[in-house]
file model_26.csv (CSV, C-alpha atoms and all ligand atoms)
chain,number,residue,atom,x,y,z
F,169,MET,CA,66.6,76.2,30.3
F,170,ALA,CA,69.6,76.6,28.1
F,171,LYS,CA,72.2,78.8,29.7
F,172,ALA,CA,75.6,79.9,28.4
F,173,THR,CA,77.9,76.9,28.1
F,174,ARG,CA,81.2,78.7,28.2
F,175,VAL,CA,82.6,82.2,28.8
F,176,ARG,CA,86.1,83.3,27.9
F,177,LEU,CA,87.9,86.6,28.3
F,178,LEU,CA,89.7,87.8,25.2
F,179,ASP,CA,92.8,89.9,26.1
F,180,SER,CA,93.0,93.2,24.1
F,181,GLY,CA,96.1,94.6,25.6
F,182,THR,CA,96.5,97.6,27.9
F,183,LEU,CA,96.1,101.4,28.0
F,184,VAL,CA,97.3,104.1,30.4
F,185,ILE,CA,95.2,106.9,32.0
F,186,ASP,CA,95.7,109.0,35.1
F,187,GLN,CA,94.3,107.7,38.4
F,188,SER,CA,92.1,110.8,38.7
F,189,HIS,CA,90.1,109.5,35.7
F,190,ILE,CA,89.5,106.1,37.3
F,191,THR,CA,88.2,107.6,40.5
F,192,TRP,CA,86.8,110.9,39.3
F,193,ASN,CA,88.9,113.7,40.7
F,194,VAL,CA,90.3,111.6,43.5
F,195,GLY,CA,94.1,111.0,43.3
F,196,SER,CA,96.1,112.5,40.5
F,197,GLY,CA,99.4,112.5,38.9
F,198,THR,CA,99.7,108.7,38.9
F,199,PRO,CA,99.5,107.0,35.5
F,200,VAL,CA,97.8,103.7,35.7
F,201,ARG,CA,98.1,100.9,33.1
F,202,PHE,CA,94.9,99.0,32.9
F,203,PRO,CA,93.5,96.0,30.9
F,204,VAL,CA,91.0,95.9,28.1
F,205,TYR,CA,89.2,92.7,27.1
F,206,SER,CA,86.2,91.3,25.4
F,207,VAL,CA,83.9,88.5,26.6
F,208,LEU,CA,83.2,85.6,24.3
F,209,ILE,CA,80.1,83.6,25.1
F,210,GLU,CA,79.3,80.2,23.6
F,211,HIS,CA,75.5,79.7,23.9
F,212,PRO,CA,73.1,77.2,22.5
F,213,ASP,CA,71.6,80.0,20.4
F,214,GLY,CA,74.9,81.2,18.9
F,215,LEU,CA,78.4,82.7,19.4
F,216,PHE,CA,78.2,86.1,21.1
F,217,LEU,CA,80.7,88.8,22.0
F,218,PHE,CA,80.3,91.4,24.7
F,219,ASP,CA,82.5,94.3,23.5
F,220,THR,CA,85.4,94.0,21.1
F,221,GLY,CA,88.5,95.8,22.6
F,222,TYR,CA,90.5,98.5,20.9
F,223,ASP,CA,92.1,98.9,17.5
F,224,LEU,CA,95.9,99.6,18.0
F,225,ASP,CA,96.2,101.8,14.8
F,226,LEU,CA,93.2,104.0,15.9
F,227,VAL,CA,94.6,104.5,19.4
F,228,ASN,CA,98.1,105.3,18.0
F,229,ALA,CA,96.6,107.8,15.7
F,230,MET,CA,93.9,109.5,17.9
F,231,LEU,CA,94.9,108.8,21.5
F,232,PRO,CA,98.7,108.0,21.5
F,233,PHE,CA,99.0,109.5,25.1
F,234,GLU,CA,97.2,106.4,26.4
F,235,LEU,CA,100.3,104.5,25.5
F,236,PRO,CA,98.6,101.4,24.0
F,237,GLU,CA,100.4,98.1,24.3
F,238,GLN,CA,98.8,95.3,22.2
F,239,THR,CA,100.7,92.4,20.7
F,240,PRO,CA,99.6,90.8,17.4
F,241,GLU,CA,98.3,87.9,19.6
F,242,GLN,CA,96.0,90.4,21.4
F,243,THR,CA,94.0,91.5,18.4
F,244,LEU,CA,90.4,90.3,18.4
F,245,THR,CA,90.9,88.0,15.4
F,246,SER,CA,93.9,86.4,17.0
F,247,GLN,CA,92.1,85.9,20.3
F,248,LEU,CA,89.1,84.3,18.4
F,249,GLU,CA,91.5,82.0,16.6
F,250,LEU,CA,93.0,81.0,19.9
F,251,CYS,CA,89.5,79.8,20.9
F,252,GLY,CA,89.1,77.9,17.6
F,253,PHE,CA,86.8,80.5,15.9
F,254,LYS,CA,87.0,82.9,12.9
F,255,ALA,CA,85.6,86.4,13.1
F,256,GLU,CA,82.9,85.4,10.7
F,257,ASP,CA,81.7,82.8,13.2
F,258,VAL,CA,80.4,85.4,15.6
F,259,ASP,CA,76.6,85.7,15.4
F,260,ALA,CA,76.1,88.8,17.6
F,261,VAL,CA,78.1,91.5,19.3
F,262,ILE,CA,76.6,93.3,22.2
F,263,ASN,CA,78.3,96.6,22.8
F,264,SER,CA,78.1,97.8,26.4
F,265,HIS,CA,78.8,101.2,24.9
F,266,LEU,CA,80.7,102.6,21.9
F,267,HIS,CA,83.8,104.0,23.5
F,268,PHE,CA,86.8,103.2,21.4
F,269,ASP,CA,88.2,100.5,23.8
F,270,HIS,CA,84.9,98.6,23.6
F,271,CYS,CA,84.1,98.6,19.9
F,272,GLY,CA,87.5,98.5,18.1
F,273,GLY,CA,87.0,95.0,16.8
F,274,ASN,CA,83.4,95.3,15.6
F,275,LYS,CA,84.5,95.9,12.0
F,276,HIS,CA,86.0,92.3,11.8
F,277,LEU,CA,82.7,90.7,12.7
F,278,THR,CA,81.1,90.8,9.2
F,279,ASN,CA,78.4,88.3,9.9
F,280,ALA,CA,77.4,89.6,13.3
F,281,THR,CA,74.4,91.7,14.3
F,282,THR,CA,75.3,94.5,16.6
F,283,TYR,CA,73.1,94.9,19.6
F,284,LEU,CA,73.3,98.2,21.6
F,285,HIS,CA,71.1,100.8,23.2
F,286,HIS,CA,69.2,103.1,20.8
F,287,ASP,CA,70.6,106.3,22.4
F,288,GLU,CA,74.2,105.0,22.4
F,289,LEU,CA,74.3,104.7,18.6
F,290,ARG,CA,72.9,108.3,18.2
F,291,GLU,CA,75.4,109.7,20.8
F,292,ALA,CA,78.4,107.9,19.3
F,293,ARG,CA,77.5,109.2,15.8
F,294,THR,CA,77.0,112.8,17.1
F,295,PRO,CA,78.8,113.1,20.4
F,296,GLU,CA,78.9,116.2,22.6
F,297,PRO,CA,82.3,118.0,22.4
F,298,PHE,CA,83.5,116.4,25.7
F,299,GLU,CA,82.7,112.9,24.4
F,300,ARG,CA,84.4,113.1,21.1
F,301,LEU,CA,87.6,111.5,22.1
F,302,GLY,CA,85.8,108.6,23.9
F,303,TYR,CA,83.8,108.0,20.7
F,304,ALA,CA,86.9,108.4,18.4
F,305,ASP,CA,86.5,105.0,16.7
F,306,LYS,CA,83.6,105.2,14.2
F,307,SER,CA,84.4,101.9,12.6
F,308,PHE,CA,81.4,100.3,14.4
F,309,ASP,CA,79.5,101.8,11.4
F,310,HIS,CA,81.3,99.5,8.9
F,311,ALA,CA,79.9,98.3,5.6
F,312,HIS,CA,78.5,95.1,7.0
F,313,ALA,CA,77.1,96.5,10.2
F,314,LYS,CA,73.5,95.5,11.1
F,315,PHE,CA,72.2,97.2,14.2
F,316,GLU,CA,69.5,96.0,16.5
F,317,LEU,CA,68.7,98.9,18.8
F,318,LEU,CA,67.6,98.1,22.4
F,319,GLU,CA,65.9,100.1,25.1
F,320,GLY,CA,65.5,99.4,28.8
F,321,ASP,CA,66.5,96.0,30.3
F,322,VAL,CA,66.6,93.2,27.9
F,323,ARG,CA,66.7,89.4,28.2
F,324,PHE,CA,69.0,88.8,25.3
F,325,ALA,CA,68.9,85.0,25.4
F,326,ASP,CA,68.3,82.3,28.0
F,327,GLY,CA,70.6,83.2,30.9
F,328,ILE,CA,72.0,86.5,29.3
F,329,HIS,CA,70.4,89.6,30.7
F,330,LEU,CA,71.2,93.2,29.8
F,331,PHE,CA,70.6,96.0,32.3
F,332,HIS,CA,70.5,99.6,31.1
F,333,THR,CA,73.0,101.3,33.4
F,334,PRO,CA,73.5,104.8,32.1
F,335,GLY,CA,75.8,107.5,33.4
F,336,HIS,CA,79.2,106.6,32.0
F,337,THR,CA,77.5,106.9,28.6
F,338,VAL,CA,73.8,107.5,27.8
F,339,GLY,CA,73.1,104.0,26.5
F,340,HIS,CA,75.4,101.9,28.6
F,341,TYR,CA,74.5,98.3,29.2
F,342,SER,CA,75.8,95.8,31.8
F,343,MET,CA,75.5,92.1,31.2
F,344,LEU,CA,74.7,89.3,33.6
F,345,VAL,CA,75.5,85.8,32.4
F,346,GLU,CA,74.1,82.6,34.0
F,347,LEU,CA,76.6,79.9,33.4
F,348,GLU,CA,76.2,76.1,33.4
F,349,GLY,CA,77.7,74.8,36.6
F,350,SER,CA,78.8,78.1,38.1
F,351,HIS,CA,77.5,81.2,39.8
F,352,PRO,CA,76.2,84.1,37.6
F,353,LEU,CA,78.7,86.7,36.4
F,354,MET,CA,78.0,90.4,36.3
F,355,PHE,CA,80.0,92.2,33.6
F,356,MET,CA,79.3,95.8,34.5
F,357,ALA,CA,81.6,97.2,31.8
F,358,ASP,CA,82.4,100.8,32.6
F,359,VAL,CA,79.8,101.5,35.4
F,360,SER,CA,82.9,101.6,37.6
F,361,TYR,CA,86.4,100.7,36.5
F,362,THR,CA,88.0,98.9,39.5
F,363,ALA,CA,87.1,96.9,42.6
F,364,ALA,CA,88.3,99.8,44.9
F,365,ALA,CA,86.3,102.4,42.9
F,366,TYR,CA,83.2,100.2,42.9
F,367,ALA,CA,83.4,99.7,46.7
F,368,ASN,CA,83.4,103.5,47.2
F,369,ASP,CA,80.6,104.2,44.6
F,370,GLN,CA,83.2,106.0,42.4
F,371,GLN,CA,82.7,106.3,38.7
F,372,ALA,CA,85.3,107.2,36.1
F,373,GLY,CA,85.9,110.8,35.1
F,374,PHE,CA,84.5,110.1,31.7
F,375,HIS,CA,80.8,110.3,31.9
F,376,HIS,CA,77.7,111.6,30.3
F,377,ASP,CA,75.6,112.0,33.5
F,378,PRO,CA,77.3,111.5,36.9
F,379,VAL,CA,74.1,111.3,38.9
F,380,ALA,CA,72.8,108.5,36.7
F,381,GLY,CA,76.2,107.0,37.0
F,382,VAL,CA,76.2,106.7,40.7
F,383,ARG,CA,72.7,105.3,40.6
F,384,SER,CA,73.8,102.7,38.2
F,385,ILE,CA,76.7,101.6,40.6
F,386,ARG,CA,74.1,101.2,43.3
F,387,ARG,CA,71.8,99.3,41.0
F,388,ILE,CA,74.6,96.9,40.1
F,389,LYS,CA,75.1,96.2,43.8
F,390,ARG,CA,71.4,95.4,44.2
F,391,LEU,CA,71.4,93.1,41.2
F,392,VAL,CA,74.5,91.3,42.4
F,393,ARG,CA,72.9,90.7,45.8
F,394,GLU,CA,69.6,89.5,44.2
F,395,TRP,CA,71.3,87.1,41.8
F,396,GLY,CA,74.2,85.9,44.0
F,397,ALA,CA,76.4,87.1,41.2
F,398,GLU,CA,80.1,87.9,41.0
F,399,VAL,CA,81.1,91.3,39.7
F,400,VAL,CA,83.8,91.0,37.0
F,401,PHE,CA,85.9,94.2,36.8
F,402,THR,CA,86.7,95.7,33.5
F,403,HIS,CA,89.7,98.0,33.9
F,404,ASP,CA,91.3,96.7,37.1
F,405,MET,CA,94.8,95.3,36.5
F,406,GLU,CA,95.0,93.6,39.9
F,407,ALA,CA,91.7,91.8,39.4
F,408,PHE,CA,92.6,91.0,35.8
F,409,ARG,CA,95.9,89.2,36.8
F,410,ASN,CA,93.7,86.7,38.7
F,411,TYR,CA,91.3,86.1,35.8
F,412,PRO,CA,92.0,83.1,33.6
F,413,LEU,CA,92.3,84.3,30.0
F,414,ALA,CA,91.3,82.7,26.7
F,415,PRO,CA,91.6,79.9,25.6
F,416,GLU,CA,90.9,79.0,29.3
F,417,PRO,CA,87.3,79.2,30.3
F,418,PHE,CA,86.2,81.9,32.7
F,419,THR,CA,83.9,81.0,35.6
F,420,GLY,CA,84.7,83.9,37.9
F,421,SER,CA,87.3,84.1,40.6
F,422,ARG,CA,85.4,82.7,43.5
F,423,GLU,CA,84.2,79.3,44.3
F,424,THR,CA,80.8,78.5,43.0
F,425,SER,CA,78.2,78.7,45.8
F,426,ALA,CA,74.7,77.3,45.9
F,427,ALA,CA,73.3,80.8,45.2
F,428,GLY,CA,71.7,80.9,41.9
F,429,GLY,CA,69.6,83.2,39.8
F,430,ALA,CA,66.4,84.4,41.4
F,431,ALA,CA,65.1,87.6,40.0
B,1,ZN,ZN,83.9,103.7,28.5
call {"tool": "encode", "arguments": {"input": "model_26.csv", "output": "structure tokens"}}
result
Amino acid sequence: MAKATRVRLLDSGTLVIDQSHITWNVGSGTPVRFPVYSVLIEHPDGLFLFDTGYDLDLVNAMLPFELPEQTPEQTLTSQLELCGFKAEDVDAVINSHLHFDHCGGNKHLTNATTYLHHDELREARTPEPFERLGYADKSFDHAHAKFELLEGDVRFADGIHLFHTPGHTVGHYSMLVELEGSHPLMFMADVSYTAAAYANDQQAGFHHDPVAGVRSIRRIKRLVREWGAEVVFTHDMEAFRNYPLAPEPFTGSRETSAAGGAA
């Protein structure tokens, strides 16, 4: 079976939020700078991206209080170039969800089909008042956008599995990647932001449904056990510092064990 041949993390710079947003209502008054990145997957079926980072101009205009820091080398197009690709080479983008820091580069991917949950597209287009800032970047609806709307769990390609993990947003997806020569990687996106939060079943303060959110954290833990996978943390600066970044390949931060996919 053809699995993903290479995974790379594309650095998209950093943002700042208060600790109380990372661990919903626990700890406050401490600003935390955290990483944002995309996941580039080379697969026998095509070149895929899981999320696309944030757009600096958009954040400066709409959310300047998150103090974005993104160099020209950290834009999505520069990061793709670093890996030897152009934006037009990307065949598919999977959006875990459509918060601005996960879809800001979609508009550059003019040949890609956008895969996301059916309800996520609806919610991002017509968000509830408390979700408007999170869905501030509407550029996923660009002139070349072609949407493939998904529901439930989906086997996206050989070795690429999407799990519907709602809570943070209504249509949130997590992605498990089986990699040639390594253990499976679980990219849980924003189910929980950091290793410490995940260990304590804590979700971020930004959510659509907190009950669904905590169930999704527990579901990720079950899936990780079943698959012998490593969780890759999305917005955890400490973890991120130990992750090799593009153009280096990413195979996780632990030694590959014999544990493989089973479920
Ligand atoms: Zn989010």
call {"tool": "closest_residue", "arguments": {"input": "model_26.csv", "among": "F:Pro334, F:Pro236, F:Pro412, F:Gly339", "to": "Arg387 of chain F", "atoms": "all atoms listed in the file"}}
result
F:Pro334
call {"tool": "residues_around", "arguments": {"input": "model_26.csv", "residues": "Asn279 of chain F", "least_positions_apart": "6", "cutoff": "8 Å", "atoms": "only C-alpha atoms", "output": "list in words"}}
result
Glu256, Asp257, Val258, Asp259 and His312 of chain F
call {"tool": "write_last_selection", "arguments": {"input": "model_26.csv", "atoms": "C-alpha atoms", "output": "mmCIF file, in the coordinates of the input"}}
result
data_model
loop_
_atom_site.group_PDB
_atom_site.id
_atom_site.type_symbol
_atom_site.label_atom_id
_atom_site.label_comp_id
_atom_site.auth_asym_id
_atom_site.auth_seq_id
_atom_site.Cartn_x
_atom_site.Cartn_y
_atom_site.Cartn_z
ATOM 1 C CA GLU F 256 82.900 85.400 10.700
ATOM 2 C CA ASP F 257 81.700 82.800 13.200
ATOM 3 C CA VAL F 258 80.400 85.400 15.600
ATOM 4 C CA ASP F 259 76.600 85.700 15.400
ATOM 5 C CA HIS F 312 78.500 95.100 7.000
#
call {"tool": "residues_near_ligand", "arguments": {"input": "model_26.csv", "ligand": "ligand ZN 1 (chain B)", "cutoff": "9 Å", "atoms": "all atoms listed in the file", "output": "mmCIF file with C-alpha atoms, in the coordinates of the input"}}
result
data_model
loop_
_atom_site.group_PDB
_atom_site.id
_atom_site.type_symbol
_atom_site.label_atom_id
_atom_site.label_comp_id
_atom_site.auth_asym_id
_atom_site.auth_seq_id
_atom_site.Cartn_x
_atom_site.Cartn_y
_atom_site.Cartn_z
ATOM 1 C CA SER F 264 78.100 97.800 26.400
ATOM 2 C CA HIS F 265 78.800 101.200 24.900
ATOM 3 C CA LEU F 266 80.700 102.600 21.900
ATOM 4 C CA HIS F 267 83.800 104.000 23.500
ATOM 5 C CA PHE F 268 86.800 103.200 21.400
ATOM 6 C CA ASP F 269 88.200 100.500 23.800
ATOM 7 C CA HIS F 270 84.900 98.600 23.600
ATOM 8 C CA GLY F 302 85.800 108.600 23.900
ATOM 9 C CA TYR F 303 83.800 108.000 20.700
ATOM 10 C CA HIS F 336 79.200 106.600 32.000
ATOM 11 C CA THR F 337 77.500 106.900 28.600
ATOM 12 C CA HIS F 340 75.400 101.900 28.600
ATOM 13 C CA ALA F 357 81.600 97.200 31.800
ATOM 14 C CA ASP F 358 82.400 100.800 32.600
ATOM 15 C CA VAL F 359 79.800 101.500 35.400
ATOM 16 C CA TYR F 361 86.400 100.700 36.500
ATOM 17 C CA ALA F 372 85.300 107.200 36.100
ATOM 18 C CA PHE F 374 84.500 110.100 31.700
ATOM 19 C CA HIS F 375 80.800 110.300 31.900
#
call {"tool": "closest_atom_pairs", "arguments": {"input": "model_26.csv", "of": "segment 310-393 of chain F", "to": "segment 180-200 of chain F", "cutoff": "6 Å", "atoms": "only C-alpha atoms", "output": "tab-separated table"}}
result
residue	atom	partner	partner_atom	distance
F:Gln370	CA	F:Thr191	CA	5.6
F:Gln371	CA	F:Thr191	CA	5.9
F:Ala372	CA	F:Ile190	CA	4.5
F:Gly373	CA	F:Trp192	CA	4.3
call {"tool": "closest_residue", "arguments": {"input": "model_26.csv", "among": "F:Glu319, F:Glu406, F:Asp219, F:Asp369", "to": "His285 of chain F", "atoms": "only C-alpha atoms"}}
result
F:Glu319
call {"tool": "closest_residue", "arguments": {"input": "model_26.csv", "among": "F:Asp223, F:His351, F:Pro415, F:Asp309", "to": "Arg290 of chain F", "atoms": "all atoms listed in the file"}}
result
F:Asp309
call {"tool": "decode", "arguments": {"input": "model_26.csv", "residues": "segment 311-339 of chain F", "atoms": "N, CA and C atoms", "output": "PDB file, in the first residue's frame"}}
result
ATOM      1  N   ALA F 311     -11.211  33.119  -6.164  1.00  0.00           N
ATOM      2  CA  ALA F 311     -11.813  32.899  -7.488  1.00  0.00           C
ATOM      3  C   ALA F 311     -11.572  31.487  -8.029  1.00  0.00           C
ATOM      4  N   HIS F 312     -10.452  30.862  -7.647  1.00  0.00           N
ATOM      5  CA  HIS F 312     -10.120  29.533  -8.183  1.00  0.00           C
ATOM      6  C   HIS F 312     -10.535  28.405  -7.236  1.00  0.00           C
ATOM      7  N   ALA F 313     -11.180  28.755  -6.135  1.00  0.00           N
ATOM      8  CA  ALA F 313     -11.472  27.732  -5.124  1.00  0.00           C
ATOM      9  C   ALA F 313     -12.464  26.692  -5.644  1.00  0.00           C
ATOM     10  N   LYS F 314     -12.080  25.419  -5.455  1.00  0.00           N
ATOM     11  CA  LYS F 314     -12.981  24.303  -5.751  1.00  0.00           C
ATOM     12  C   LYS F 314     -13.098  23.514  -4.459  1.00  0.00           C
ATOM     13  N   PHE F 315     -14.301  23.382  -3.949  1.00  0.00           N
ATOM     14  CA  PHE F 315     -14.474  22.727  -2.652  1.00  0.00           C
ATOM     15  C   PHE F 315     -14.981  21.299  -2.820  1.00  0.00           C
ATOM     16  N   GLU F 316     -14.394  20.405  -2.039  1.00  0.00           N
ATOM     17  CA  GLU F 316     -14.924  19.046  -1.880  1.00  0.00           C
ATOM     18  C   GLU F 316     -15.325  18.948  -0.418  1.00  0.00           C
ATOM     19  N   LEU F 317     -16.614  18.847  -0.184  1.00  0.00           N
ATOM     20  CA  LEU F 317     -17.104  18.893   1.197  1.00  0.00           C
ATOM     21  C   LEU F 317     -17.243  17.484   1.766  1.00  0.00           C
ATOM     22  N   LEU F 318     -16.724  17.309   2.971  1.00  0.00           N
ATOM     23  CA  LEU F 318     -16.638  15.998   3.601  1.00  0.00           C
ATOM     24  C   LEU F 318     -17.562  15.931   4.814  1.00  0.00           C
ATOM     25  N   GLU F 319     -17.898  14.693   5.182  1.00  0.00           N
ATOM     26  CA  GLU F 319     -18.644  14.483   6.429  1.00  0.00           C
ATOM     27  C   GLU F 319     -18.097  13.237   7.110  1.00  0.00           C
ATOM     28  N   GLY F 320     -18.108  13.227   8.432  1.00  0.00           N
ATOM     29  CA  GLY F 320     -17.644  12.059   9.176  1.00  0.00           C
ATOM     30  C   GLY F 320     -16.161  11.805   8.963  1.00  0.00           C
ATOM     31  N   ASP F 321     -15.713  10.594   9.331  1.00  0.00           N
ATOM     32  CA  ASP F 321     -14.302  10.231   9.132  1.00  0.00           C
ATOM     33  C   ASP F 321     -14.085   9.863   7.665  1.00  0.00           C
ATOM     34  N   VAL F 322     -12.928  10.202   7.164  1.00  0.00           N
ATOM     35  CA  VAL F 322     -12.653  10.010   5.742  1.00  0.00           C
ATOM     36  C   VAL F 322     -11.239   9.452   5.551  1.00  0.00           C
ATOM     37  N   ARG F 323     -11.125   8.402   4.739  1.00  0.00           N
ATOM     38  CA  ARG F 323      -9.796   7.960   4.312  1.00  0.00           C
ATOM     39  C   ARG F 323      -9.477   8.761   3.066  1.00  0.00           C
ATOM     40  N   PHE F 324      -8.640   9.775   3.236  1.00  0.00           N
ATOM     41  CA  PHE F 324      -8.394  10.748   2.176  1.00  0.00           C
ATOM     42  C   PHE F 324      -7.573  10.138   1.047  1.00  0.00           C
ATOM     43  N   ALA F 325      -6.567   9.364   1.423  1.00  0.00           N
ATOM     44  CA  ALA F 325      -5.711   8.655   0.467  1.00  0.00           C
ATOM     45  C   ALA F 325      -5.079   7.510   1.246  1.00  0.00           C
ATOM     46  N   ASP F 326      -4.352   6.633   0.563  1.00  0.00           N
ATOM     47  CA  ASP F 326      -3.679   5.552   1.284  1.00  0.00           C
ATOM     48  C   ASP F 326      -2.798   6.150   2.365  1.00  0.00           C
ATOM     49  N   GLY F 327      -3.053   5.778   3.611  1.00  0.00           N
ATOM     50  CA  GLY F 327      -2.209   6.242   4.702  1.00  0.00           C
ATOM     51  C   GLY F 327      -2.513   7.655   5.183  1.00  0.00           C
ATOM     52  N   ILE F 328      -3.559   8.281   4.678  1.00  0.00           N
ATOM     53  CA  ILE F 328      -3.955   9.616   5.171  1.00  0.00           C
ATOM     54  C   ILE F 328      -5.409   9.542   5.618  1.00  0.00           C
ATOM     55  N   HIS F 329      -5.606   9.665   6.910  1.00  0.00           N
ATOM     56  CA  HIS F 329      -6.924   9.468   7.499  1.00  0.00           C
ATOM     57  C   HIS F 329      -7.384  10.747   8.185  1.00  0.00           C
ATOM     58  N   LEU F 330      -8.601  11.174   7.880  1.00  0.00           N
ATOM     59  CA  LEU F 330      -9.159  12.365   8.515  1.00  0.00           C
ATOM     60  C   LEU F 330     -10.219  11.928   9.526  1.00  0.00           C
ATOM     61  N   PHE F 331     -10.116  12.487  10.719  1.00  0.00           N
ATOM     62  CA  PHE F 331     -11.081  12.177  11.773  1.00  0.00           C
ATOM     63  C   PHE F 331     -11.839  13.447  12.142  1.00  0.00           C
ATOM     64  N   HIS F 332     -13.164  13.360  12.081  1.00  0.00           N
ATOM     65  CA  HIS F 332     -13.984  14.514  12.450  1.00  0.00           C
ATOM     66  C   HIS F 332     -13.891  14.689  13.974  1.00  0.00           C
ATOM     67  N   THR F 333     -13.315  15.789  14.376  1.00  0.00           N
ATOM     68  CA  THR F 333     -13.085  16.058  15.801  1.00  0.00           C
ATOM     69  C   THR F 333     -13.639  17.446  16.138  1.00  0.00           C
ATOM     70  N   PRO F 334     -14.973  17.566  16.206  1.00  0.00           N
ATOM     71  CA  PRO F 334     -15.595  18.875  16.425  1.00  0.00           C
ATOM     72  C   PRO F 334     -15.400  19.380  17.851  1.00  0.00           C
ATOM     73  N   GLY F 335     -15.733  20.629  18.048  1.00  0.00           N
ATOM     74  CA  GLY F 335     -15.640  21.250  19.368  1.00  0.00           C
ATOM     75  C   GLY F 335     -14.989  22.606  19.242  1.00  0.00           C
ATOM     76  N   HIS F 336     -13.718  22.603  18.877  1.00  0.00           N
ATOM     77  CA  HIS F 336     -13.024  23.872  18.604  1.00  0.00           C
ATOM     78  C   HIS F 336     -13.803  24.633  17.524  1.00  0.00           C
ATOM     79  N   THR F 337     -14.119  23.933  16.452  1.00  0.00           N
ATOM     80  CA  THR F 337     -15.080  24.436  15.473  1.00  0.00           C
ATOM     81  C   THR F 337     -16.014  23.282  15.124  1.00  0.00           C
ATOM     82  N   VAL F 338     -17.080  23.607  14.410  1.00  0.00           N
ATOM     83  CA  VAL F 338     -18.118  22.603  14.155  1.00  0.00           C
ATOM     84  C   VAL F 338     -17.642  21.520  13.199  1.00  0.00           C
ATOM     85  N   GLY F 339     -16.769  21.897  12.260  1.00  0.00           N
ATOM     86  CA  GLY F 339     -16.345  20.921  11.249  1.00  0.00           C
ATOM     87  C   GLY F 339     -14.873  20.577  11.334  1.00  0.00           C
TER      88      GLY F 339
END
